[in-house]
>>> print(open('query24.txt').read())   # compact mmCIF, C-alpha atoms and all ligand atoms
# COMPACT_ATOMS: atom_id res chain seq x y z
CA MET A 4 -26.88 16.98 18.74
CA SER A 5 -26.02 20.37 17.39
CA SER A 6 -25.18 19.57 13.81
CA VAL A 7 -27.28 18.01 11.13
CA CYS A 8 -25.25 15.72 9.01
CA ALA A 9 -25.72 14.69 5.45
CA ALA A 10 -25.11 11.03 5.95
CA TYR A 11 -28.14 10.67 8.21
CA LEU A 12 -30.26 11.44 5.22
CA LEU A 13 -28.37 9.77 2.46
CA THR A 14 -28.29 6.18 3.53
CA HIS A 15 -30.89 5.20 0.97
CA GLN A 16 -29.00 6.68 -1.94
CA ARG A 17 -25.46 5.77 -1.12
CA VAL A 18 -23.14 6.38 -4.00
CA LYS A 19 -21.95 3.22 -5.63
CA ARG A 20 -18.20 2.96 -5.25
CA ASN A 21 -15.85 1.66 -7.82
CA ASP A 22 -13.51 -0.94 -6.42
CA GLU A 23 -11.41 -1.47 -9.46
CA ALA A 24 -7.89 -2.60 -8.96
CA ASN A 25 -5.14 -0.16 -9.77
CA VAL A 26 -2.95 -2.64 -11.48
CA SER A 27 -3.85 -5.18 -14.06
CA LEU A 28 -2.48 -8.58 -13.28
CA VAL A 29 -3.46 -9.95 -16.64
CA SER A 30 -1.03 -9.06 -19.32
CA LYS A 31 0.76 -10.66 -22.17
CA ASP A 32 3.71 -8.34 -22.53
CA SER A 33 6.26 -10.54 -20.99
CA THR A 34 9.59 -8.87 -20.54
CA GLY A 35 13.21 -9.85 -20.36
CA ALA A 36 14.08 -12.96 -18.44
CA GLY A 37 16.42 -13.21 -15.56
CA ALA A 38 19.84 -14.63 -15.32
CA ARG A 39 21.53 -16.88 -12.86
CA VAL A 40 23.58 -14.73 -10.61
CA PRO A 41 27.26 -14.68 -11.38
CA ASN A 42 29.91 -13.84 -8.87
CA ALA A 43 28.23 -10.82 -7.40
CA ALA A 44 28.59 -11.60 -3.72
CA SER A 45 31.23 -14.20 -3.50
CA ALA A 46 33.22 -11.87 -1.30
CA GLN A 47 30.36 -11.61 1.19
CA PRO A 48 31.07 -13.36 4.44
CA GLY A 49 28.96 -16.45 4.70
CA ALA A 50 28.00 -16.45 1.03
CA VAL A 51 28.65 -19.56 -0.95
CA PRO A 52 30.71 -19.51 -4.14
CA ARG A 53 28.71 -18.33 -7.09
CA ASP A 54 30.93 -19.16 -10.01
CA PRO A 55 28.72 -21.11 -12.43
CA ALA A 56 31.56 -23.41 -13.37
CA ALA A 57 32.29 -24.14 -9.77
CA ALA A 58 28.63 -24.65 -9.04
CA ALA A 59 28.41 -27.18 -11.81
CA GLN A 60 30.95 -29.36 -10.13
CA GLN A 61 29.44 -31.77 -7.73
CA ALA A 62 31.82 -30.90 -4.95
CA ALA A 63 30.71 -27.26 -4.84
CA PRO A 64 27.39 -26.20 -3.32
CA ALA A 65 24.76 -24.63 -5.57
CA PRO A 66 24.49 -20.84 -5.51
CA ALA A 67 22.37 -19.60 -2.63
CA PHE A 68 20.66 -16.86 -4.61
CA THR A 69 19.41 -16.07 -8.06
CA VAL A 70 19.14 -12.49 -9.23
CA ARG A 71 16.65 -11.76 -11.96
CA LYS A 72 16.20 -8.51 -13.82
CA ALA A 73 13.51 -7.25 -16.14
CA ALA A 74 12.78 -4.04 -17.98
CA VAL A 75 9.24 -2.75 -17.71
CA LYS A 76 7.57 -2.85 -21.09
CA ARG A 77 4.05 -2.12 -20.03
CA THR A 78 3.07 -3.18 -16.53
CA PHE A 79 4.84 -3.97 -13.28
CA ALA A 80 2.85 -7.18 -13.03
CA ALA A 81 4.00 -8.44 -16.41
CA ALA A 82 7.60 -7.61 -15.65
CA ALA A 83 7.45 -9.23 -12.23
CA GLN A 84 5.87 -12.37 -13.58
CA SER A 85 8.47 -12.58 -16.31
CA MET A 86 11.00 -12.84 -13.48
CA GLY A 87 9.14 -15.79 -12.04
CA VAL A 88 7.18 -14.00 -9.34
CA ASP A 89 3.83 -15.71 -8.90
CA ALA A 90 0.55 -13.80 -9.21
CA GLY A 91 -0.14 -13.72 -5.47
CA THR A 92 3.28 -12.34 -4.65
CA THR A 93 3.00 -9.87 -7.50
CA ALA A 94 -0.21 -8.57 -5.98
CA MET A 95 1.48 -8.33 -2.59
CA LEU A 96 4.40 -6.40 -4.07
CA THR A 97 1.98 -4.06 -5.80
CA ARG A 98 0.49 -3.25 -2.40
CA VAL A 99 3.93 -3.03 -0.81
CA PHE A 100 5.13 -0.38 -3.22
CA HIS A 101 1.83 1.44 -3.25
CA ASP A 102 2.71 4.06 -0.66
CA GLU A 103 5.75 5.20 -2.60
CA LEU A 104 4.63 4.97 -6.17
CA ASP A 105 1.57 3.96 -8.11
CA LEU A 106 2.72 1.05 -10.20
CA SER A 107 -0.10 1.45 -12.67
CA ARG A 108 0.77 5.03 -13.41
CA ASP A 109 4.27 5.93 -12.32
CA LEU A 110 6.29 3.17 -13.97
CA LYS A 111 7.49 3.96 -17.45
CA PRO A 112 8.74 1.64 -20.17
CA GLY A 113 12.42 1.12 -19.56
CA ASP A 114 12.23 1.28 -15.77
CA GLN A 115 14.12 -1.64 -14.32
CA LEU A 116 13.13 -4.31 -11.86
CA SER A 117 15.51 -6.63 -10.12
CA ALA A 118 14.86 -9.26 -7.50
CA VAL A 119 16.84 -11.72 -5.44
CA PHE A 120 15.42 -15.19 -4.99
CA ASP A 121 16.43 -17.85 -2.53
CA ASN A 122 17.49 -20.80 -4.63
CA SER A 123 16.47 -23.29 -2.02
CA ALA A 124 12.95 -21.93 -2.48
CA THR A 125 12.89 -21.53 -6.25
CA ASP A 126 14.36 -24.96 -6.78
CA GLY A 127 11.36 -26.37 -5.00
CA ASN A 128 13.22 -27.43 -1.89
CA THR A 129 10.58 -27.31 0.81
CA SER A 130 12.88 -27.90 3.73
CA ASP A 131 11.71 -25.87 6.69
CA THR A 132 15.10 -25.52 8.27
CA ALA A 133 16.54 -22.04 8.49
CA SER A 134 19.37 -21.61 6.08
CA LYS A 135 22.82 -21.33 7.49
CA ASP A 136 23.45 -17.76 6.48
CA GLY A 137 20.37 -16.47 8.20
CA VAL A 138 18.40 -15.80 5.04
CA ALA A 139 14.72 -16.58 5.28
CA SER A 140 14.39 -19.98 3.73
CA ALA A 141 12.77 -22.25 1.67
CA ASP A 142 9.04 -22.38 2.08
CA ALA A 143 7.77 -19.85 -0.43
CA ALA A 144 8.81 -20.44 -3.99
CA GLY A 145 8.65 -17.37 -6.17
CA GLU A 146 8.74 -14.96 -3.24
CA PRO A 147 11.72 -12.67 -3.70
CA LEU A 148 13.96 -11.85 -0.75
CA ALA A 149 14.55 -8.39 -2.12
CA VAL A 150 13.09 -6.28 -4.90
CA ARG A 151 14.43 -3.09 -6.44
CA ILE A 152 12.61 -0.77 -8.81
CA VAL A 153 14.72 1.79 -10.63
CA HIS A 154 12.27 4.43 -11.75
CA GLY A 155 13.94 7.28 -13.57
CA ALA A 156 16.47 8.68 -11.13
CA THR A 157 14.90 7.12 -8.05
CA THR A 158 15.33 3.68 -6.57
CA HIS A 159 12.85 1.84 -4.39
CA GLU A 160 13.84 -1.30 -2.52
CA VAL A 161 12.01 -3.66 -0.22
CA PHE A 162 13.26 -6.67 1.72
CA LEU A 163 11.44 -9.75 2.92
CA HIS A 164 11.21 -10.47 6.60
CA LYS A 165 9.14 -13.21 8.17
CA ASP A 166 7.58 -12.94 11.57
CA LEU A 167 7.81 -15.68 14.17
CA GLN A 168 4.85 -17.43 12.58
CA GLY A 169 6.65 -17.41 9.24
CA LYS A 170 4.29 -14.86 7.71
CA PRO A 171 6.06 -12.77 5.06
CA PHE A 172 6.25 -8.99 5.20
CA TYR A 173 8.29 -6.54 3.20
CA TYR A 174 10.25 -3.78 4.88
CA LEU A 175 12.19 -0.77 3.77
CA LYS A 176 15.92 -0.67 4.30
CA ASP A 177 15.52 1.10 7.63
CA GLY A 178 13.37 -1.69 9.05
CA THR A 179 10.02 0.11 8.77
CA SER A 180 7.20 -1.69 7.04
CA ALA A 181 6.72 -1.07 3.36
CA GLY A 182 3.23 -0.64 2.02
CA PRO A 183 0.28 1.64 2.25
CA ALA A 184 -0.24 3.41 5.52
CA PHE A 185 -3.30 5.24 6.76
CA GLU A 186 -3.48 8.28 8.92
CA ARG A 187 -6.23 8.02 11.51
CA TYR A 188 -7.32 11.66 11.24
CA PRO A 189 -7.60 13.83 8.11
CA LEU A 190 -7.26 17.15 9.96
CA ASP A 191 -6.54 18.89 13.23
CA PHE A 192 -9.96 18.99 14.84
CA THR A 193 -11.23 20.49 18.04
CA ARG A 194 -13.69 17.73 18.98
CA VAL A 195 -15.75 14.85 17.68
CA SER A 196 -19.13 16.53 17.24
CA SER A 197 -20.97 13.39 16.15
CA GLU A 198 -19.85 9.79 16.32
CA PHE A 199 -20.28 6.98 13.87
CA SER A 200 -23.39 4.95 14.50
CA LEU A 201 -24.89 2.03 12.73
CA ARG A 202 -28.42 2.92 13.72
CA ARG A 203 -29.68 5.86 15.73
CA PHE A 204 -32.80 7.93 16.12
CA ASP A 205 -32.35 11.25 14.43
CA PRO A 206 -34.01 14.03 16.44
CA VAL A 207 -34.30 16.30 13.42
CA VAL A 208 -36.05 14.03 10.96
CA HIS A 209 -37.58 11.78 13.66
CA ARG A 210 -36.39 8.63 11.97
CA TRP A 211 -33.97 5.86 12.68
CA GLN A 212 -30.86 6.55 10.65
CA SER A 213 -27.30 5.50 10.51
CA HIS A 214 -24.39 7.92 10.58
CA ASP A 215 -21.89 6.50 8.15
CA GLY A 216 -18.98 8.58 9.32
CA VAL A 217 -17.69 10.76 12.07
CA ASP A 218 -18.05 14.52 12.41
CA LEU A 219 -14.86 16.31 13.32
CA ALA A 220 -15.45 19.92 14.30
CA ALA A 221 -12.86 22.46 13.16
CA PRO A 222 -12.85 26.10 12.06
CA VAL A 223 -13.84 26.91 8.50
CA GLY A 224 -10.76 26.80 6.28
CA THR A 225 -8.89 24.13 8.24
CA PRO A 226 -6.96 22.01 5.71
CA VAL A 227 -8.30 18.50 5.12
CA ARG A 228 -5.75 15.88 4.09
CA ALA A 229 -6.04 12.55 2.31
CA THR A 230 -5.53 9.83 4.92
CA ALA A 231 -3.94 7.46 2.42
CA ARG A 232 -2.81 7.46 -1.14
CA GLY A 233 -5.57 7.08 -3.68
CA VAL A 234 -7.49 8.16 -6.75
CA ILE A 235 -10.32 10.69 -6.65
CA ARG A 236 -13.55 8.96 -7.65
CA PHE A 237 -15.80 11.94 -7.06
CA ILE A 238 -15.18 15.61 -6.49
CA GLY A 239 -18.06 18.03 -6.61
CA HIS A 240 -21.33 18.90 -4.94
CA GLN A 241 -23.94 16.49 -3.67
CA THR A 242 -27.16 17.21 -1.83
CA GLY A 243 -26.57 16.76 1.86
CA TYR A 244 -22.84 16.20 1.57
CA GLY A 245 -22.25 19.63 0.06
CA LYS A 246 -18.78 19.87 -1.46
CA VAL A 247 -17.44 16.37 -1.18
CA VAL A 248 -14.36 14.38 -2.20
CA MET A 249 -14.45 10.58 -2.48
CA ILE A 250 -11.17 8.72 -2.75
CA GLN A 251 -10.51 5.14 -3.78
CA ASN A 252 -7.59 4.13 -1.57
CA PRO A 253 -5.59 0.91 -1.79
CA PRO A 254 -8.16 -1.88 -1.63
CA PRO A 255 -10.24 -2.57 0.34
CA TYR A 256 -10.44 1.05 1.51
CA SER A 257 -12.22 4.15 0.29
CA THR A 258 -12.78 7.47 2.05
CA THR A 259 -15.24 10.38 1.85
CA PHE A 260 -14.75 13.98 2.99
CA ALA A 261 -17.89 16.14 3.10
CA HIS A 262 -19.16 19.67 3.87
CA LEU A 263 -15.97 21.25 2.50
CA SER A 264 -15.84 24.99 1.87
CA ARG A 265 -13.61 24.50 -1.15
CA PHE A 266 -11.34 22.00 -2.85
CA ALA A 267 -7.58 22.12 -3.18
CA LYS A 268 -6.54 23.59 -6.52
CA GLY A 269 -6.01 21.31 -9.47
CA LEU A 270 -7.88 18.28 -8.17
CA ARG A 271 -10.43 16.56 -10.36
CA HIS A 272 -11.98 13.20 -11.01
CA GLY A 273 -9.17 10.72 -11.59
CA SER A 274 -6.49 12.76 -9.83
CA HIS A 275 -3.98 10.77 -7.80
CA VAL A 276 -3.39 12.02 -4.28
CA LYS A 277 -0.75 11.13 -1.76
CA ARG A 278 -1.16 10.46 1.91
CA ASN A 279 -1.29 13.79 3.80
CA GLN A 280 -1.90 15.78 0.63
CA VAL A 281 -4.35 18.65 1.22
CA ILE A 282 -7.55 17.94 -0.74
CA GLY A 283 -9.86 20.64 0.59
CA TYR A 284 -10.86 22.87 3.47
CA VAL A 285 -13.43 22.57 6.25
CA GLY A 286 -16.73 24.30 5.63
CA THR A 287 -20.45 24.07 6.17
CA THR A 288 -21.68 23.18 2.69
CA GLY A 289 -24.59 20.78 2.38
CA TRP A 290 -26.65 19.95 5.42
CA ALA A 291 -24.27 21.03 8.12
CA THR A 292 -25.32 23.47 10.80
CA GLY A 293 -21.79 24.12 12.02
CA PRO A 294 -18.31 23.88 10.54
CA HIS A 295 -17.06 20.30 10.59
CA LEU A 296 -15.66 17.60 8.39
CA HIS A 297 -17.89 14.59 7.84
CA TYR A 298 -15.39 11.77 7.27
CA GLU A 299 -16.18 8.22 6.17
CA VAL A 300 -13.99 5.15 5.86
CA HIS A 301 -15.39 2.28 3.83
CA VAL A 302 -13.95 -1.22 3.85
CA ASN A 303 -15.13 -3.26 0.89
CA ASN A 304 -17.75 -0.54 0.40
CA VAL A 305 -19.15 -0.98 3.92
CA PRO A 306 -18.88 2.06 6.18
CA GLN A 307 -16.82 1.50 9.32
CA ASP A 308 -16.16 3.69 12.33
CA PRO A 309 -13.24 5.89 11.22
CA LEU A 310 -12.05 6.25 14.81
CA LYS A 311 -11.86 2.50 15.41
CA VAL A 312 -11.47 0.70 12.10
CA GLU A 313 -8.27 -1.26 11.68
CA LEU A 314 -5.98 0.62 9.33
CA PRO A 315 -2.63 -0.34 7.85
CA GLN A 316 0.00 1.40 9.92
CA LYS A 317 3.71 1.79 9.61
CA THR A 318 5.44 -0.65 11.89
CA ALA A 319 9.09 -1.11 12.71
CA LEU A 320 11.13 -4.20 13.45
CA ARG A 321 12.11 -4.76 17.07
CA ALA A 322 15.72 -4.02 17.95
CA ASP A 323 16.71 -7.70 18.08
CA GLU A 324 15.11 -8.41 14.70
CA LEU A 325 16.53 -5.24 13.21
CA GLN A 326 20.11 -6.33 13.73
CA ARG A 327 19.58 -9.56 11.80
CA PHE A 328 17.54 -7.71 9.18
CA GLU A 329 20.23 -5.09 8.56
CA ALA A 330 22.87 -7.74 8.04
CA ARG A 331 20.68 -9.42 5.45
CA VAL A 332 19.87 -6.11 3.76
CA ALA A 333 23.59 -5.45 3.31
CA GLN A 334 24.06 -8.89 1.79
CA LEU A 335 21.07 -8.63 -0.57
CA THR A 336 21.69 -5.04 -1.61
CA ALA A 337 25.06 -6.11 -2.94
CA LEU A 338 23.26 -8.59 -5.19
CA LEU A 339 20.50 -6.34 -6.56
ZN ZN B 1 -21.46 13.37 9.65
>>> encode(input="query24.txt", output="structure tokens", more="lines below")
Ligand SMILES: [Zn+2]
Amino acid sequence: MSSVCAAYLLTHQRVKRNDEANVSLVSKDSTGAGARVPNAASAQPGAVPRDPAAAAQQAAPAPAFTVRKAAVKRTFAAAAQSMGVDAGTTAMLTRVFHDELDLSRDLKPGDQLSAVFDNSATDGNTSDTASKDGVASADAAGEPLAVRIVHGATTHEVFLHKDLQGKPFYYLKDGTSAGPAFERYPLDFTRVSSEFSLRRFDPVVHRWQSHDGVDLAAPVGTPVRATARGVIRFIGHQTGYGKVVMIQNPPPYSTTFAHLSRFAKGLRHGSHVKRNQVIGYVGTTGWATGPHLHYEVHVNNVPQDPLKVELPQKTALRADELQRFEARVAQLTALL
């Protein structure tokens, strides 16, 4: 093995990682309540009449959807829960939006949330039959079919789609999955110069050691990019690692980038970084005998093989699902 790597020597003094959540789910600042949807989509084909007076008459069916709106006063979670979204779904939505905006930081008071709920679900009807207009039905009270965040001049929307097993996922309008995505590789590298290993005999120090990451050889100065959105938990110099950046990504992930020659300008502890943002440049700082990036991926603070670990990826709906999805998106967008 041609390169000596910091992590062989640091296993006994691994840095304790902070796994704090990015968004508080405990909050008292309840915001504006929702309203029963009026006539918004009565012209939609397949939609049932939505006139409250008509709905009150026994002959007319109840409205299919409820639209609720809330202004953000302090947190996304509080606003969502004021609309009747349960805590579990609120946490899921927080993850879902996490690749586009950081709900704990980016939302400002006055930003608007709106969500469409399936009345057959929110009224507690647990029928498992598919509803007649093709809208995912009935088995998940409090789980919105569509959510829109109006943040300043930008709008973010996600739409619920259930897989064949009935498991809920949120997608963007174009049918690609919403939510955090991970890049597999943080840089263009020439070769893997040392693989991840749980336990190996190190020929330099003549001891059994683990290698908590993977070494990706590349010329000095090659840009190193964050593999997912996150917050910088450490940026600076450590024995062995040299110049190192540690990022808390969406739970349960965190990542470490070591032996850098320098950091990207303006980054410091607490900085938020986006996926693919340049955070530093390949070097040989610390205990590295040749230029490479030592890259670690931790899941629940346990190092995993960065080349093999399961990572959240962007997925897209199949063509047959997409057609049905797009029809529903058109219907729900009109309501939001
Ligand atoms: Zn290494």
>>> closest_residue(input="query24.txt", among="A:Ala231, A:Ala82, A:Val248, A:Leu270", to="A:Pro183", atoms="only C-alpha atoms")
A:Ala231
>>> closest_residue(input="query24.txt", among="A:Val234, A:Ala330, A:Val217, A:Ala267", to="ligand ZN 1 (chain B)", atoms="only C-alpha atoms and all ligand atoms")
A:Val217
>>> closest_residue(input="query24.txt", among="A:Asn279, A:Gln316, A:Ser197, A:Thr158", to="ligand ZN 1 (chain B)", atoms="only C-alpha atoms and all ligand atoms")
A:Ser197
>>> atom_distance(input="query24.txt", atom1="atom CA of A:Thr93", atom2="atom CA of A:Glu146")
8.8 Å
>>> closest_residue(input="query24.txt", among="A:Gln212, A:Gln326, A:Asn252, A:Ser274", to="ligand ZN 1 (chain B)", atoms="all atoms listed in the file")
A:Gln212
>>> axis_aligned_box(input="query24.txt", around="stretch 307-317 of chain A", padding_each_side="4 Å", output="AutoDock Vina command-line options")
--center_x -6.6 --center_y 2.5 --center_z 11.6 --size_x 28.5 --size_y 15.5 --size_z 15.6
>>> atom_distance(input="query24.txt", atom1="atom CA of A:Arg108", atom2="atom CA of A:Arg151")
17.4 Å
>>> residues_around(input="query24.txt", residues="A:Asn303", least_positions_apart="6", cutoff="9 Å", atoms="all atoms listed in the file", output="compact mmCIF listing (two decimals) with C-alpha atoms, in the coordinates of the input")
# COMPACT_ATOMS: atom_id res chain seq x y z
CA ASP A 22 -13.51 -0.94 -6.42
CA PRO A 254 -8.16 -1.88 -1.63
CA PRO A 255 -10.24 -2.57 0.34
CA TYR A 256 -10.44 1.05 1.51
CA SER A 257 -12.22 4.15 0.29
>>> residues_near_ligand(input="query24.txt", ligand="ligand ZN 1 (chain B)", cutoff="10 Å", atoms="all atoms listed in the file", output="ChimeraX atom specification")
/A:6-11,195-200,213-219,243-244,260-262,290-291,295-299
>>> atom_distance(input="query24.txt", atom1="atom CA of A:Phe79", atom2="atom CA of A:Lys176")
21.0 Å
>>> residues_around(input="query24.txt", residues="A:Arg271", least_positions_apart="3", cutoff="9 Å", atoms="only C-alpha atoms", output="list in words")
Ile235, Arg236, Phe237, Ile238, Gly239, Lys268 and Ser274 of chain A
>>> write_last_selection(input="query24.txt", atoms="C-alpha atoms", output="PDB file, in the coordinates of the input")
ATOM      1  CA  ILE A 235     -10.320  10.690  -6.650  1.00  0.00           C
ATOM      2  CA  ARG A 236     -13.550   8.960  -7.650  1.00  0.00           C
ATOM      3  CA  PHE A 237     -15.800  11.940  -7.060  1.00  0.00           C
ATOM      4  CA  ILE A 238     -15.180  15.610  -6.490  1.00  0.00           C
ATOM      5  CA  GLY A 239     -18.060  18.030  -6.610  1.00  0.00           C
ATOM      6  CA  LYS A 268      -6.540  23.590  -6.520  1.00  0.00           C
ATOM      7  CA  SER A 274      -6.490  12.760  -9.830  1.00  0.00           C
TER       8      SER A 274
END
>>> residues_around(input="query24.txt", residues="A:Tyr284", least_positions_apart="2", cutoff="7 Å", atoms="all atoms listed in the file", output="PyMOL selection string")
chain A and resi 224-227+263-266+286
>>> residues_near_point(input="query24.txt", point="(12.6, 6.1, -9.6)", cutoff="12 Å", atoms="only C-alpha atoms", output="ChimeraX atom specification")
/A:100,103-106,109-111,113-116,151-160
